[in-house]
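Working notes for the structure below.
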Amino acid sequence: MVSYGCEDASWCDKYRLSLGGCGSEEGGLTVFDFSEIENVPEEDWIHAQHSERQEISERDDHLIKAERAGYEKGHEVHRRMPVIRLQSGYDMPKIGLGTWKAERGEVRNAVHSALKCGYRHIDCASVYQNEDEVGDAIHYVTSRMLVDRKDLFICSKVWNTDHSAKRVREACMASLRALKVDYLDLYLIHWPVTGNVGDTVQPPIRETWEAMESLVRDGLVRSIGVSNFSSKKLHDILSYCTVKPSVCQVEVHPYHRNDELLSWCRDHGIHVTAFSPLGSPDSESIFPRKVPAVLMQDPRVKRVAEHTSKNVGQVLIRWALQHGTSVIPKSTNPSRISGNLDVLDWELPPWEYNLLSGMAFQMRMVNGGMWLNPKGPYRTMKDLWDEEESKEEEDVLAGFSSEDLYFPSTDTKSDFKVVNVPCTKLSSGYEIPLVGIGTWKAEKGEVRDAVYSALKCGYRHIDCASVYQNEDEVGDAIHYVTSRMLVDRKDLFICSKVWNTDHSAKRVREACMASLRALKVDYLDLYLIHWPVTGNVGDTVQPPIRETWEAMESLVRDGLVRSIGVSNFSSKKLHDILSYCTVKPSVCQVEVHPYHRNDELLSWCRDHGIHVTAFSPLGSPDSESIFPRKVPAVLMQDPRVKRVAEHTSKNVGQVLIRWALQHGTSVIPKSTNPSRISGNLDVLDWELPPWEYNLLSGMAFQMRMVNGGMWLNPKGPYRTMKDLWDQEDAYIMTEEEYQQDLENALQEQKISHPIPLESSESSESSMQDSDEDYQSAKGSAPNSATSSPMPSKSQSVGRDINWGAKLGNWFSKK
């Protein structure tokens, strides 16, 4: 038996156990050992048990007092919390903690943290499957008198499967048991849905509502209401109810203001609680939708947050309060839970509130689409939401103008530089700018701004592809600048590519039309076959390349495309096209850089009047996760490249772009960093002197980085790299051979030996993002490029590899 002290009585000494380091004089811990004494007197047992109970009680009192002190701040917040008087006569705190999507194992601590911070309104539902943990936290604080039950406002909801009179009561009792409370402050019908088929909801809503009223009469529930109901469905309840709905809980945020419902509820004395006040960004897997923007990333919301020195979540919660609702943001992060309460002692000024209240884009995120059933009772969204002017999702997206969201309205035509980027004339008769911006691996949310920055800097050549999954954002930037006459469409050169799964004649046209819609243009300047691959098995590519090419030619005849070409094709495959084409390939877009000069293909294309565009001009250091390979060196860290950059006072990227131009190609470097986008154009008014150009053009190490290895299949048509590229695989140097080649080259150029190259392993970790590579390059990137004539060189084109390998198996997906 253990006691945390002992009365000053003689009986203690007979049983006290001496523990080294645990003396009662220091720690107050006393251990009674009754095992060594036979026939312990009953009064000694009674003394010991009494002592233990007394000291445990004193210890618990001390701990509880200390814990109560930790709730003082929360009590102060609770006293300042605004409330709304419901028509049931009870007060409801305007800010609560939501528990939807709060994972089991997290929600108990989340609710406890919330109660300690000052939350008293907790929103629950049986279908969230976490009410028992919520109940643990509630019971803990109420049983220890840390928070009074009378100060709490606990809401739960009856689920779709429990709408019959009997099951409504059973569901309520189950929630009471789980939440460990005697009554609910608010009980809601979760959805006007039961899952039946037929023309009407069964059991009818009236049966459910009357069962809810009986819970109020029996004292199990204080207030009742609904969730996800329309004003029409609420109006039906008002026609027969004896207890009016106190609350309607619905989705409300600046992207779905729900103004008509709020106005109707206000007129009928029904309070509205806003769920998903942050725009429900994490519910897309539950409610699939096409959303052109994310509320928490909206530049207007960010601007207001910056101006008010608050975070985005606080701005949106404050907006909801000023919009006339209570609000139940969900979080399980203690700091965010606390931070979400920092909305009580400040307001959004009128212009900021109006800015957030005036967004033209409106879309219901929690749309209930899973409840639609062609057999009824809800066959369409209009049936579910009773919105006469309900729009289909496509109409909503068509009315969305991301331009107002993302681009500065103050820019004028004078802000867009006119840079005389040299061009070369293609065999189609049209001209292609020799420097463009690539968009492969440019993430959604970044590429829109990147393309806009590029157009401001003077780029007019934009390289895209449907598989990059960002053409819609590229199109936003293009449409913004052309519709406002900041840049003329005729001055732009826009390239896209048909993906491997779209090679049939029918799908080539469909894919082209999809790209035109995404890019928001009437024609493409260049359309390429992305790879000579379709994913079929067998000895030959099916559909055959000829079918694909002839479909491409029809796009030219119909004015949808001005020039056509290929990407990642060999000279042999190009020769096959030349044998039957009526419209010659204008461009071949392939990998070209000093570690893969591709000289034979460039020479062949030059001889046949096909321009080559170089993709991955910096050596594609960030594609190794997509195209696994063993590389003894990284191009941007090669001492020869660094030495040339130092000698020319340029950065490594500029040196490699300039080399590509002098090597006879156009070039499409990718970046999303505005300063690097601008710096990549500073390659027009200077040249690499012959010895530097020759140094970079004479590297013995040659390797295709974007090797297309994922397309190889033992069942064909490409079983080996030779099948795919129509040439023997290049010999791959060892690191020792590479170092020897490096030393020889530097000695021949009479350059002092530089610092040894980093190992490929260390290089790999430092080269995951090509933008980062610029940081280690010497020299600065000027903000603008001046125009000057380019030396006359032959033409050629090449382009980035597919993004599909990283995203998964596109063939099975399609």
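Simple scheme: letters A, B, ... for chains in structure tokens order, numbers from 1 for residues in each chain, numbers from 1 for ligands in the order shown.
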Show which residues sit within 7 Å of stretch 353-362 of chain A, as a ChimeraX atom specification. Count only C-alpha atoms, and ignore same-chain residues fewer than 3 positions away.
-> /A:254-256,319,348-350,400
If we count only C-alpha atoms, what is near A:Arg222 at a cut-off of 12 Å, once residues fewer than 3 positions away on the same chain are taken out, given as a ChimeraX atom specification?
-> /A:86-92,150,153-156,182-188,212-219,225,243-247
Measure the distance from atom CA of A:Cys464 to atom CA of A:Tyr430 in Å and round it to one decimal.
->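 One can read the atom CA of A:Cys464 to atom CA of A:Tyr430 distance as 18.3 Å.
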If you run DSSP on this backbone, which residues of stretch 164-245 of chain A come out as alpha helix (DSSP H), and could you give them as a ChimeraX atom specification?
-> /A:165-179,205-217,231-238
